[in-house]
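Down below is the structure, laid out as structure tokens.
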Amino acid sequence: MLVIGCSGSHNLAKEIAKGLNANYADLVVDKFPDNEIRVRFSKSIKGRKVILVQSFYNNSHSVNDKIVEVLFAAYTARELKAKKLFLVAPYLAYLREDKRFEKGESISAKIIAKLFKIFDKVFIVEPHLHRFKKLKDFFPNAKKISVAREISDYIKKNFEDYILVGPDQESWQWVKDIAKYLPKPSVVVFKKERIGPEKVRILKRKRKQKKKQEAIIIDDIISTGGTMLEAAKEAKKFAKKICCLGIHGIFAKNSLSRLKKYKVMSTNSIPSRVSKIDITESIVKELKRG
Ligand code: R5P
């Protein structure tokens with residue numbers, strides 16, 4: 001077995017390799033002067049089970065470059081006769097566009113699923129599922145990895161008098177999974193309307209909420225931070241302190257500084273200064289199951 005760390009996931013991939021007791025190598029990725037990329041395996045691939053680990057966010061390589069990188073690596077691994085080919089996506093981008101909102105528009109979630117048919121299996125940490133309720137509805141070779149256990153362990157260690165808050169209807173799927181591992185937590189889920197890519201509105205709640213010390217707002221993604229900021233305004237009505245917990249901390253457009261009034265944290269699916277929750281264990285467990 002060979003674990004390959006792609007440009008978005010070197011550290012996490014190394015930890016996964018340790019957990020699996022497998023060999024590890026970085027994928028060599030070079031950029032030509034015109035920005036075309038070239039990938040190269042530095043270890044032999046033939047006859048091996050190859051696990052590529054790639055998280056799709058922007059660092060020195062863009063999300064889109066990372067897709068090309070992984071596809072080049074996958075086709076090369078096939079040509080070089082890998083026995084099995086897996087992709088682990090700690091964060092998989094492009095799943096939010098799961099419907100043709102405007103005439104003629106692309107449905108990126110379906111296109112990504114088609115592009116990644118090259119893999120025997122694609123393991124996705126907490127994929128964004130909204131109009132498709134299950135991965136198998138559009139991505140037959142994909143498997144979800146839940147990291148609810150690690151998140152709830154973190155909450156148990158770091159919070160006492162708290163309420164879990166879902167900022168919108170879809171967030172219920174993550175909130176409920178995390179709540180399962182906590183001793184009878186208080187939970188509330190808001191309703192959200194999206195006005196534009198960076199603007200949302202949280203509908204005011206009529207029902208009174210019991211006061212708590214801290215509200216932990218849980219969402220799968222923090223991108224511009226708009227959802228968290230609006231949800232925090234509503235949560236402040238019943239909690240003294242606010243914690244914004246995004247499973248995947250994209251933090252587009254410097255949203256970490258927009259959220260600086262609050263405690264912010266995420267998992268290490270995307271590494272950052274607030275990615276405090278390590279998800280290696282759940283990934284390794286799922287890979288061992290195969
Ligand atoms: C979409 O519904 C997702 O679950 C998140 O709520 C959304 O992506 C967060 O984006 P932003 O931080 O830009 O509000």
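Identifiers in the structure tokens: chain A, B, ... in order shown; residue index from 1 per chain; ligand index from 1 in order shown.
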Distance query range 261-265 of chain A at most 7 Å, only C-alpha atoms, self and fewer than 3 positions along chain excluded, as an mmCIF file with N, CA, C and O atoms, in the first residue's frame:
data_model
loop_
_atom_site.group_PDB
_atom_site.id
_atom_site.type_symbol
_atom_site.label_atom_id
_atom_site.label_comp_id
_atom_site.auth_asym_id
_atom_site.auth_seq_id
_atom_site.Cartn_x
_atom_site.Cartn_y
_atom_site.Cartn_z
ATOM 1 N N ILE A 242 -19.916 33.169 21.631
ATOM 2 C CA ILE A 242 -20.191 32.467 20.367
ATOM 3 C C ILE A 242 -18.928 31.739 19.913
ATOM 4 O O ILE A 242 -17.825 32.296 19.936
ATOM 5 N N CYS A 243 -19.138 30.491 19.485
ATOM 6 C CA CYS A 243 -18.032 29.755 18.869
ATOM 7 C C CYS A 243 -18.494 29.315 17.480
ATOM 8 O O CYS A 243 -19.574 28.724 17.332
ATOM 9 N N CYS A 244 -17.713 29.621 16.470
ATOM 10 C CA CYS A 244 -18.059 29.233 15.091
ATOM 11 C C CYS A 244 -17.246 28.004 14.727
ATOM 12 O O CYS A 244 -16.015 28.086 14.610
ATOM 13 N N LEU A 245 -17.930 26.889 14.599
ATOM 14 C CA LEU A 245 -17.214 25.642 14.300
ATOM 15 C C LEU A 245 -17.579 25.164 12.892
ATOM 16 O O LEU A 245 -18.706 24.709 12.657
ATOM 17 N N GLY A 246 -16.645 25.303 11.970
ATOM 18 C CA GLY A 246 -16.869 24.827 10.609
ATOM 19 C C GLY A 246 -16.071 23.547 10.425
ATOM 20 O O GLY A 246 -14.901 23.499 10.818
ATOM 21 N N VAL A 274 -6.551 27.801 12.782
ATOM 22 C CA VAL A 274 -7.635 27.391 13.683
ATOM 23 C C VAL A 274 -8.074 25.932 13.463
ATOM 24 O O VAL A 274 -9.082 25.496 14.015
ATOM 25 N N SER A 275 -7.320 25.192 12.669
ATOM 26 C CA SER A 275 -7.739 23.796 12.384
ATOM 27 C C SER A 275 -7.282 22.879 13.513
ATOM 28 O O SER A 275 -6.322 22.136 13.388
ATOM 29 N N LYS A 276 -8.011 22.958 14.630
ATOM 30 C CA LYS A 276 -7.584 22.312 15.880
ATOM 31 C C LYS A 276 -8.056 20.857 15.996
ATOM 32 O O LYS A 276 -7.591 20.137 16.856
#
Item to complete: May I have the residues within 10 Å of Ala252 in chain A as a list in words, using only C-alpha atoms and disregarding those fewer than 2 positions away in the same chain?
Response: Tyr57, Asn58, Ile222, Ser223, Thr224, Gly225, Gly249, Ile250, Asn254, Ser255 and Leu256 of chain A
Fill in: All residues having an atom within 10 Å of ligand 1 (only C-alpha atoms and all ligand atoms) as a PyMOL selection string
chain A and resi 95-97+127-130+166-172+174+192-194+196-201+218-231+246-253+255
Practice prompt. List every residue of range 57-169 of chain A that DSSP, applied to the backbone of this structure, places in helix (DSSP H, G or I), and write the result as a PyMOL selection string.
Written response: chain A and resi 63-79+108-118+135-137+148-158+169
Discussion item. Please return, as a ChimeraX atom specification, all residues of range 41-209 of chain A that DSSP assigns to strand (DSSP E or B) on the basis of the backbone.
Written reply: /A:49-53,84-89,121-125,142-145,162-166,186-189,192-196,199-202
Item to complete: Would you mind telling me which residue in A:Leu92, A:Lys43, A:Glu126, A:Lys136 lies nearest to Val63 in chain A when using only C-alpha atoms?
Response: A:Leu92
Discussion item. For a quick check of understanding, using only C-alpha atoms, which of A:Met1, A:Ala215, A:Cys6, A:Ala13 has the smallest distance to Ser44 in chain A?
Written reply: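 Once distances to Ser44 in chain A are computed over only C-alpha atoms, the minimum belongs to A:Met1.
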Fill in: Shell around Ala74 in chain A at 8 Å using only C-alpha atoms, local window under 6 positions removed, as a PyMOL selection string
chain A and resi 85+118-119
Worksheet entry | 9 Å contact set for Thr76 in chain A, only C-alpha atoms, chain neighbours under 5 positions out, as a ChimeraX atom specification | /A:39-41,71,81
Discussion item. Give me, as a list in words, all polymer residues having an atom no more than 7 Å from range 150-159 of chain A, counting only C-alpha atoms and skipping those fewer than 3 positions away in the same chain.
Written reply: Val147, Tyr162, Ile178, Tyr181, Leu182, Ile277 and Ile279 of chain A
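Going from CA of Val50 in chain A to CA of Lys110 in chain A covers 24.4 Å.
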